[in-house]
Amino acid sequence: MTGPATDPATTAEHHRGSGVWASVHCERAALAADLAELTDEEWATPSLCTELTVREVLAHLTAGASLTTVTWLAGVVRCRFDFDRQVAMRLAEQLGATADETLERFRRVVSSTTKPPLPAIAMLGETIVHGEDVRRPLGIRRDHPAGVVTAVAEYYRGSDLVVVARKRVAGLRLAADDGPFAAGSGPLVSGPTLSLVMAMTGRAAHCDDLEGEGVEILRGRCGPA
């Protein structure tokens, strides 16, 4: 006896979603491992995410992996639609009393698929971008899978949903020198895919890794992350 017919498009979307979540979980696990031996001074290091320390960025990631659509909406209402206030409130909820507790809370959500009303690829982007927000100031390097950072680059170049990225790169030609990512037209900005992702999301420090006549235009569009 056969089961009900399955829409091929639905099946394909399911597998794409499953693959994205596997990448999210892998990136979270790698970040937890990279931060496992930090000193108190390193936890207090300013990140590339404006006004947040390394420890606070990790708590922010934990919060994002702990919010459902319902709890996110409840927080928005509670904060009277002040989204920055909601972010700060949720970060404080997950910070914990010590850095060890902050890290332990993050470890608990490594395999979570809980999310606010965002696509899974946005969660992957958040994990990679905020991971680099803390790694770069700490001098930690991660070689992200090429396919993963390419997928994130493709997402951000067409989206302003979580962070302004599409508008930031408007009128520029982006070209990765370590993978297939290429988009847009205009003055050239080229370099590593990860650096393009970080610059697209407003991290001016990563413009130092890029080349082309469009780099200074992009740098000028990078503001508070």
# chains A, B, ... in the order shown; residues from 1 in each chain; ligands from 1

$ residues_around --residues "stretch 196-204 of chain A" --least-positions-apart "2" --cutoff "9 Å" --atoms "only C-alpha atoms" --output "JSON, numbers by chain"
{"A": [48, 49, 125, 129, 132, 133, 149, 150, 152, 153, 154, 156, 157, 163, 164, 165, 166, 168, 169, 174, 175, 176, 189, 190, 191, 192, 193, 194, 206, 207, 208, 209, 210, 218, 219, 220, 221, 222, 223, 224, 225]}

$ residues_around --residues "A:Val57" --least-positions-apart "5" --cutoff "10 Å" --atoms "only C-alpha atoms" --output "JSON, numbers by chain"
{"A": [43, 46, 47, 48, 49, 50, 51, 52, 62, 63, 91, 95, 130, 131, 133, 134]}

$ write_last_selection --atoms "N, CA and C atoms" --output "PDB file, in the first residue's frame"
ATOM      1  N   TRP A  43      36.698  37.112  27.701  1.00  0.00           N
ATOM      2  CA  TRP A  43      35.230  37.183  27.656  1.00  0.00           C
ATOM      3  C   TRP A  43      34.747  38.630  27.628  1.00  0.00           C
ATOM      4  N   PRO A  46      35.770  43.620  23.682  1.00  0.00           N
ATOM      5  CA  PRO A  46      34.746  44.195  22.796  1.00  0.00           C
ATOM      6  C   PRO A  46      34.664  43.407  21.494  1.00  0.00           C
ATOM      7  N   SER A  47      33.473  43.071  21.080  1.00  0.00           N
ATOM      8  CA  SER A  47      33.274  42.345  19.824  1.00  0.00           C
ATOM      9  C   SER A  47      33.122  43.339  18.676  1.00  0.00           C
ATOM     10  N   LEU A  48      32.944  42.817  17.473  1.00  0.00           N
ATOM     11  CA  LEU A  48      32.661  43.683  16.331  1.00  0.00           C
ATOM     12  C   LEU A  48      31.207  44.121  16.293  1.00  0.00           C
ATOM     13  N   CYS A  49      30.394  43.558  17.170  1.00  0.00           N
ATOM     14  CA  CYS A  49      28.981  43.933  17.263  1.00  0.00           C
ATOM     15  C   CYS A  49      28.889  45.085  18.252  1.00  0.00           C
ATOM     16  N   THR A  50      28.495  46.225  17.776  1.00  0.00           N
ATOM     17  CA  THR A  50      28.602  47.493  18.502  1.00  0.00           C
ATOM     18  C   THR A  50      28.174  47.402  19.961  1.00  0.00           C
ATOM     19  N   GLU A  51      29.100  47.786  20.830  1.00  0.00           N
ATOM     20  CA  GLU A  51      28.858  47.930  22.272  1.00  0.00           C
ATOM     21  C   GLU A  51      28.623  46.613  23.004  1.00  0.00           C
ATOM     22  N   LEU A  52      28.836  45.482  22.358  1.00  0.00           N
ATOM     23  CA  LEU A  52      28.670  44.194  23.028  1.00  0.00           C
ATOM     24  C   LEU A  52      30.027  43.523  23.205  1.00  0.00           C
ATOM     25  N   THR A  62      22.332  32.740  22.116  1.00  0.00           N
ATOM     26  CA  THR A  62      21.513  31.815  22.906  1.00  0.00           C
ATOM     27  C   THR A  62      20.062  32.267  22.904  1.00  0.00           C
ATOM     28  N   ALA A  63      19.857  33.559  23.055  1.00  0.00           N
ATOM     29  CA  ALA A  63      18.495  34.096  23.057  1.00  0.00           C
ATOM     30  C   ALA A  63      17.800  33.812  21.733  1.00  0.00           C
ATOM     31  N   LEU A  91      18.886  39.240  25.711  1.00  0.00           N
ATOM     32  CA  LEU A  91      20.307  39.004  26.008  1.00  0.00           C
ATOM     33  C   LEU A  91      20.512  38.892  27.508  1.00  0.00           C
ATOM     34  N   LEU A  95      22.331  35.812  29.802  1.00  0.00           N
ATOM     35  CA  LEU A  95      23.731  36.091  30.124  1.00  0.00           C
ATOM     36  C   LEU A  95      24.266  35.213  31.245  1.00  0.00           C
ATOM     37  N   HIS A 130      27.821  36.536  13.880  1.00  0.00           N
ATOM     38  CA  HIS A 130      28.142  36.819  15.279  1.00  0.00           C
ATOM     39  C   HIS A 130      29.324  35.979  15.768  1.00  0.00           C
ATOM     40  N   GLY A 131      29.483  34.794  15.198  1.00  0.00           N
ATOM     41  CA  GLY A 131      30.668  34.006  15.530  1.00  0.00           C
ATOM     42  C   GLY A 131      31.944  34.741  15.149  1.00  0.00           C
ATOM     43  N   ASP A 133      32.098  37.966  14.768  1.00  0.00           N
ATOM     44  CA  ASP A 133      32.153  39.165  15.603  1.00  0.00           C
ATOM     45  C   ASP A 133      33.024  38.951  16.829  1.00  0.00           C
ATOM     46  N   VAL A 134      33.056  37.731  17.325  1.00  0.00           N
ATOM     47  CA  VAL A 134      33.867  37.455  18.516  1.00  0.00           C
ATOM     48  C   VAL A 134      35.215  36.841  18.159  1.00  0.00           C
TER      49      VAL A 134
END

$ closest_residue --among "A:Ala182, A:Ala88, A:Leu138, A:Val110" --to "A:Met123" --atoms "only C-alpha atoms"
A:Val110

$ closest_atom_pairs --of "stretch 78-154 of chain A" --to "stretch 15-33 of chain A" --cutoff "8 Å" --atoms "only C-alpha atoms" --output "tab-separated table"
residue	atom	partner	partner_atom	distance
A:Leu103	CA	A:Ala32	CA	7.0
A:Phe106	CA	A:Ala32	CA	7.4
A:Arg107	CA	A:Ala32	CA	6.5
A:Val110	CA	A:Arg28	CA	5.4
A:Ser111	CA	A:His25	CA	5.3
A:Ser112	CA	A:His25	CA	7.6
A:Thr113	CA	A:Trp21	CA	7.0
A:Ala120	CA	A:Val20	CA	6.5
A:Ile121	CA	A:Val20	CA	6.3
A:Met123	CA	A:Val24	CA	7.1
A:Leu124	CA	A:Val24	CA	5.0
A:Thr127	CA	A:Arg28	CA	6.7
A:Ile128	CA	A:Glu27	CA	6.9
A:Gly131	CA	A:Leu31	CA	6.4
A:Val148	CA	A:Ser23	CA	7.1

$ select_by_dssp --residues "stretch 7-190 of chain A" --states "alpha helix (DSSP H)" --output "number ranges by chain"
A: 8-34, 40-43, 54-64, 69-78, 83-95, 99-108, 120-138, 146-157

$ select_by_dssp --residues "stretch 2-225 of chain A" --states "strand (DSSP E or B)" --output "short mmCIF file (atom, residue, chain, number, x, y, z; two decimals) with all heavy atoms, in the first residue's frame"
data_model
loop_
_atom_site.label_atom_id
_atom_site.label_comp_id
_atom_site.auth_asym_id
_atom_site.auth_seq_id
_atom_site.Cartn_x
_atom_site.Cartn_y
_atom_site.Cartn_z
N PRO A 46 35.77 43.62 23.68
CA PRO A 46 34.75 44.19 22.80
C PRO A 46 34.66 43.41 21.49
O PRO A 46 35.69 43.09 20.89
CB PRO A 46 35.25 45.62 22.55
CG PRO A 46 36.15 45.92 23.71
CD PRO A 46 36.80 44.61 24.05
N THR A 53 30.22 42.90 24.36
CA THR A 53 31.41 42.11 24.59
C THR A 53 31.25 40.72 23.96
O THR A 53 30.15 40.34 23.53
CB THR A 53 31.66 41.93 26.09
OG1 THR A 53 30.58 41.15 26.64
CG2 THR A 53 31.77 43.26 26.80
N ARG A 173 29.52 45.57 -7.43
CA ARG A 173 29.72 44.22 -7.95
C ARG A 173 30.56 43.45 -6.95
O ARG A 173 31.70 43.82 -6.66
CB ARG A 173 30.40 44.26 -9.32
CG ARG A 173 30.67 42.87 -9.92
CD ARG A 173 30.93 42.96 -11.42
NE ARG A 173 32.08 43.79 -11.74
CZ ARG A 173 33.31 43.32 -11.95
NH1 ARG A 173 33.56 42.03 -11.84
NH2 ARG A 173 34.30 44.16 -12.25
N LEU A 174 29.99 42.38 -6.42
CA LEU A 174 30.67 41.54 -5.44
C LEU A 174 31.19 40.28 -6.10
O LEU A 174 30.48 39.64 -6.87
CB LEU A 174 29.70 41.16 -4.31
CG LEU A 174 28.92 42.31 -3.65
CD1 LEU A 174 27.98 41.75 -2.59
CD2 LEU A 174 29.85 43.34 -3.05
N ALA A 175 32.42 39.92 -5.79
CA ALA A 175 33.01 38.72 -6.40
C ALA A 175 33.95 38.06 -5.39
O ALA A 175 34.93 38.68 -4.94
CB ALA A 175 33.77 39.07 -7.67
N ALA A 176 33.63 36.83 -5.03
CA ALA A 176 34.50 36.08 -4.13
C ALA A 176 35.72 35.57 -4.89
O ALA A 176 35.62 35.18 -6.06
CB ALA A 176 33.74 34.91 -3.52
N ALA A 182 29.10 35.54 -6.67
CA ALA A 182 29.23 36.78 -7.45
C ALA A 182 27.85 37.38 -7.57
O ALA A 182 26.86 36.66 -7.75
CB ALA A 182 29.82 36.51 -8.82
N ALA A 183 27.76 38.70 -7.46
CA ALA A 183 26.44 39.35 -7.52
C ALA A 183 26.59 40.82 -7.82
O ALA A 183 27.62 41.43 -7.51
CB ALA A 183 25.71 39.17 -6.18
N LEU A 188 33.79 47.26 -8.36
CA LEU A 188 34.10 45.91 -7.87
C LEU A 188 34.52 45.90 -6.40
O LEU A 188 35.27 46.76 -5.94
CB LEU A 188 35.24 45.31 -8.70
CG LEU A 188 35.78 43.94 -8.26
CD1 LEU A 188 34.70 42.87 -8.44
CD2 LEU A 188 37.04 43.59 -9.05
N VAL A 189 34.01 44.89 -5.68
CA VAL A 189 34.47 44.55 -4.34
C VAL A 189 34.77 43.06 -4.36
O VAL A 189 33.87 42.25 -4.57
CB VAL A 189 33.42 44.85 -3.26
CG1 VAL A 189 33.96 44.48 -1.88
CG2 VAL A 189 33.00 46.31 -3.30
N SER A 190 36.03 42.69 -4.18
CA SER A 190 36.38 41.27 -4.26
C SER A 190 37.21 40.86 -3.05
O SER A 190 37.88 41.68 -2.42
CB SER A 190 37.16 40.97 -5.54
OG SER A 190 38.43 41.60 -5.51
N GLY A 191 37.14 39.56 -2.75
CA GLY A 191 37.90 39.02 -1.64
C GLY A 191 37.27 37.75 -1.13
O GLY A 191 36.39 37.17 -1.78
N GLU A 211 39.34 44.01 -1.90
CA GLU A 211 40.01 44.82 -2.90
C GLU A 211 39.01 45.31 -3.94
O GLU A 211 37.93 44.73 -4.09
CB GLU A 211 41.10 44.00 -3.61
CG GLU A 211 42.21 43.52 -2.68
CD GLU A 211 43.27 42.72 -3.43
OE1 GLU A 211 42.98 42.28 -4.58
OE2 GLU A 211 44.37 42.55 -2.89
#

$ atom_distance --atom1 "atom CA of A:Ser159" --atom2 "atom CA of A:Lys115"
17.9 Å
